[in-house]
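Trainee: My structure is stored as input_16.tsv, with TSV, C-alpha atoms.
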chain	number	residue	atom	x	y	z
A	3	MET	CA	21.42	-77.30	136.76
A	4	ASP	CA	17.71	-78.07	137.11
A	5	TYR	CA	17.45	-81.82	136.42
A	6	ALA	CA	13.67	-81.79	136.70
A	7	ARG	CA	13.45	-79.72	133.50
A	8	GLY	CA	15.59	-81.91	131.24
A	9	GLY	CA	19.00	-81.34	132.78
A	10	TRP	CA	19.82	-85.04	132.48
A	11	ALA	CA	18.84	-85.14	128.83
A	12	LEU	CA	20.92	-82.04	128.11
A	13	GLY	CA	23.88	-83.58	129.93
A	14	TRP	CA	23.63	-86.78	127.86
A	15	ARG	CA	23.38	-84.79	124.63
A	16	LEU	CA	26.51	-82.86	125.55
A	17	ASN	CA	28.40	-86.08	126.44
A	18	TRP	CA	27.46	-87.73	123.13
A	19	ALA	CA	28.42	-84.56	121.25
A	20	PHE	CA	31.78	-84.49	123.03
A	21	LEU	CA	32.37	-88.21	122.32
A	22	LEU	CA	31.46	-87.77	118.67
A	23	SER	CA	33.77	-84.79	118.27
A	24	SER	CA	36.61	-86.62	120.06
A	25	ILE	CA	36.62	-89.90	118.13
A	26	GLY	CA	34.74	-88.93	114.99
A	27	LEU	CA	31.83	-90.61	113.28
A	28	SER	CA	33.83	-93.68	112.14
A	29	GLY	CA	35.12	-94.26	115.69
A	30	MET	CA	31.58	-93.97	117.01
A	31	MET	CA	30.38	-96.59	114.51
A	32	ILE	CA	33.14	-98.97	115.66
A	33	VAL	CA	32.10	-98.55	119.30
A	34	VAL	CA	28.41	-99.13	118.52
A	35	GLY	CA	29.21	-102.06	116.20
A	36	SER	CA	31.38	-103.78	118.78
A	37	LEU	CA	28.68	-103.40	121.43
A	38	MET	CA	26.12	-104.92	119.06
A	39	GLY	CA	28.48	-107.82	118.33
A	40	LEU	CA	28.95	-108.43	122.05
A	41	THR	CA	25.23	-108.88	122.63
A	42	SER	CA	24.94	-111.32	119.74
A	43	VAL	CA	27.77	-113.44	121.15
A	44	VAL	CA	26.05	-113.60	124.54
A	45	ARG	CA	22.72	-114.48	122.93
A	46	ALA	CA	24.25	-117.32	120.86
A	47	GLN	CA	24.96	-119.56	123.88
A	48	GLU	CA	21.78	-121.51	124.60
A	49	ALA	CA	22.46	-124.35	127.00
A	50	PRO	CA	25.48	-124.85	129.26
A	51	THR	CA	27.90	-127.55	128.23
A	52	ASP	CA	30.06	-127.66	131.35
A	53	TYR	CA	29.01	-127.81	134.98
A	54	VAL	CA	31.14	-127.22	138.06
A	55	GLY	CA	30.51	-129.27	141.18
A	56	GLY	CA	32.65	-130.76	143.92
A	57	LEU	CA	35.58	-128.63	142.65
A	58	HIS	CA	35.52	-130.50	139.33
A	59	VAL	CA	34.29	-129.78	135.80
A	60	TRP	CA	31.59	-132.09	134.42
A	61	SER	CA	30.09	-132.54	130.93
A	62	LEU	CA	26.38	-133.26	130.56
A	63	SER	CA	24.64	-135.81	128.37
A	64	CYS	CA	20.99	-136.83	128.54
A	65	SER	CA	18.80	-139.84	127.85
A	66	LYS	CA	15.19	-140.77	128.50
A	67	HIS	CA	16.35	-142.25	131.84
A	68	GLY	CA	17.92	-139.06	133.20
A	69	TYR	CA	21.13	-137.06	133.21
A	70	LYS	CA	24.72	-138.24	133.01
A	71	LEU	CA	27.53	-135.98	134.17
A	72	THR	CA	31.05	-137.09	133.21
A	73	SER	CA	34.11	-135.56	134.83
A	74	LYS	CA	36.12	-133.78	132.16
A	75	TYR	CA	39.36	-134.57	133.91
A	76	PRO	CA	40.31	-137.59	136.03
A	77	LEU	CA	39.48	-137.41	139.73
A	78	SER	CA	42.04	-138.74	142.17
A	79	TRP	CA	41.72	-140.24	145.67
A	80	TYR	CA	43.03	-142.96	147.95
A	81	ASP	CA	40.82	-146.01	148.37
A	82	ALA	CA	40.14	-147.94	151.60
A	83	ASN	CA	43.42	-149.88	151.16
A	84	PHE	CA	45.39	-146.62	150.72
A	85	ARG	CA	45.96	-147.25	147.03
A	86	TYR	CA	46.03	-144.22	144.76
A	87	GLN	CA	43.13	-144.07	142.28
A	88	GLU	CA	42.79	-141.74	139.32
A	89	LYS	CA	39.75	-142.14	137.08
A	90	THR	CA	37.20	-140.29	135.01
A	91	VAL	CA	33.92	-140.58	136.91
A	92	ASP	CA	30.35	-140.73	135.59
A	93	LEU	CA	27.58	-139.40	137.78
A	94	TYR	CA	24.10	-140.68	136.90
A	95	LEU	CA	21.06	-138.66	138.00
A	96	GLY	CA	17.91	-140.67	137.31
A	97	GLN	CA	14.28	-139.70	136.75
A	98	THR	CA	13.28	-141.34	140.03
A	99	CYS	CA	15.71	-139.03	141.89
A	100	ASP	CA	18.27	-141.79	142.33
A	101	ALA	CA	21.97	-141.00	141.95
A	102	GLN	CA	24.92	-143.26	141.33
A	103	ALA	CA	28.57	-142.77	140.45
A	104	SER	CA	30.71	-145.09	138.35
A	105	ALA	CA	33.42	-145.10	141.04
A	106	GLN	CA	32.70	-147.17	144.17
A	107	LYS	CA	34.18	-144.42	146.35
A	108	PHE	CA	31.10	-142.25	145.77
A	109	GLY	CA	28.48	-144.99	145.99
A	110	LYS	CA	24.74	-144.55	145.50
A	111	GLY	CA	22.24	-142.06	146.82
A	112	ARG	CA	19.69	-139.46	145.81
A	113	TRP	CA	19.72	-136.16	144.00
A	114	CYS	CA	17.47	-133.12	143.99
A	115	TRP	CA	17.22	-129.60	142.63
A	116	ALA	CA	16.02	-126.25	143.95
A	117	ASN	CA	16.24	-122.61	142.92
A	118	GLY	CA	19.86	-122.51	144.07
A	119	GLY	CA	21.08	-125.38	141.88
A	120	PHE	CA	21.14	-129.16	142.28
A	121	VAL	CA	22.96	-131.62	144.52
A	122	ALA	CA	23.80	-135.32	144.53
A	123	ASP	CA	23.86	-136.88	148.01
A	124	LEU	CA	25.88	-140.07	147.62
A	125	SER	CA	26.95	-142.46	150.36
A	126	GLY	CA	30.58	-141.40	150.00
A	127	GLN	CA	30.24	-137.69	149.21
A	128	ARG	CA	27.89	-134.78	148.59
A	129	ILE	CA	28.45	-133.06	145.22
A	130	GLY	CA	26.74	-129.69	144.90
A	131	PHE	CA	26.24	-127.69	141.70
A	132	ALA	CA	25.40	-124.21	142.96
A	133	ARG	CA	23.51	-121.76	140.71
A	134	GLN	CA	23.35	-124.23	137.81
A	135	GLU	CA	20.40	-125.80	136.05
A	136	LEU	CA	20.27	-129.10	134.19
A	137	ILE	CA	19.23	-128.38	130.60
A	138	CYS	CA	19.36	-130.84	127.70
A	139	GLY	CA	19.37	-128.88	124.46
A	140	GLN	CA	16.28	-126.68	124.54
A	141	LYS	CA	14.33	-128.61	127.18
A	142	ARG	CA	14.32	-129.99	130.69
A	143	LEU	CA	13.53	-133.62	131.38
A	144	PRO	CA	10.24	-134.15	133.23
A	145	MET	CA	11.30	-134.88	136.80
A	146	ASP	CA	10.02	-134.03	140.25
A	147	CYS	CA	13.22	-134.22	142.29
A	148	ARG	CA	12.76	-131.12	144.45
A	149	CYS	CA	14.91	-130.56	147.55
Could I get this structure in the form of structure tokens?

Mentor:
Amino acid sequence: MDYARGGWALGWRLNWAFLLSSIGLSGMMIVVGSLMGLTSVVRAQEAPTDYVGGLHVWSLSCSKHGYKLTSKYPLSWYDANFRYQEKTVDLYLGQTCDAQASAQKFGKGRWCWANGGFVADLSGQRIGFARQELICGQKRLPMDCRC
């Protein structure tokens, strides 16, 4: 078939005609309607609510001072005295690029962002959030914490 003279268009017309004859007009409307519904569901999600970093799930909240990520589930570790710890941890990412965790194990440090996500470099651990962007509602907080 000569595709340069409309062979592709003819092929598509034949495929649609075959599909229409196979499932009928009502079946075709269901397929098209479900595809339209799928795009509206995808479009409805505006800002992420959960972030994944350091093999944990974190929830985001924002203030004028910066970002606060709270672990959704308790984190567990052994402290310096070999005692078992299990706590929900808050990770604070400030406007001056400072970072701090509520658990002493992680300590204090700095954080930064780049095109590939953002990372918190703390004295006890590095927590990376690959391919994720910090968004509070419809806006980003004005910060210059580039990696």

Trainee: Could you check the closest approach to A:Arg112 for each of A:Arg148, A:Lys66, A:Arg85, A:Arg133 and tell me which residue wins, using only C-alpha atoms?

Mentor: A:Arg148

Trainee: Could you jot down the atom CA of A:Asp92 to atom CA of A:Gly111 separation for me, Å, one decimal place?

Mentor: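 If I compute the distance from atom CA of A:Asp92 to atom CA of A:Gly111, I get 13.9 Å.
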
Trainee: When you look at A:Gln97 with a cut-off of 12 Å (counting all atoms listed in the file), what residues show up, excluding the ones that are within fewer than 6 positions of it in the same chain? I need them as a PyMOL selection string.

Mentor: chain A and resi 64-70+112-114+142-148

Trainee: Please compute the atom CA of A:Leu77-atom CA of A:Lys89 distance, one decimal, in Å.

Mentor: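 Rounded to one decimal, the two atoms are 5.4 Å apart.
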
Trainee: Excluding A:Val59 and its own-chain neighbours fewer than 4 positions away, which residues fall within 7 Å of it when counting all atoms listed in the file? Please give them as a ChimeraX atom specification.

Mentor: /A:52-55,73-74
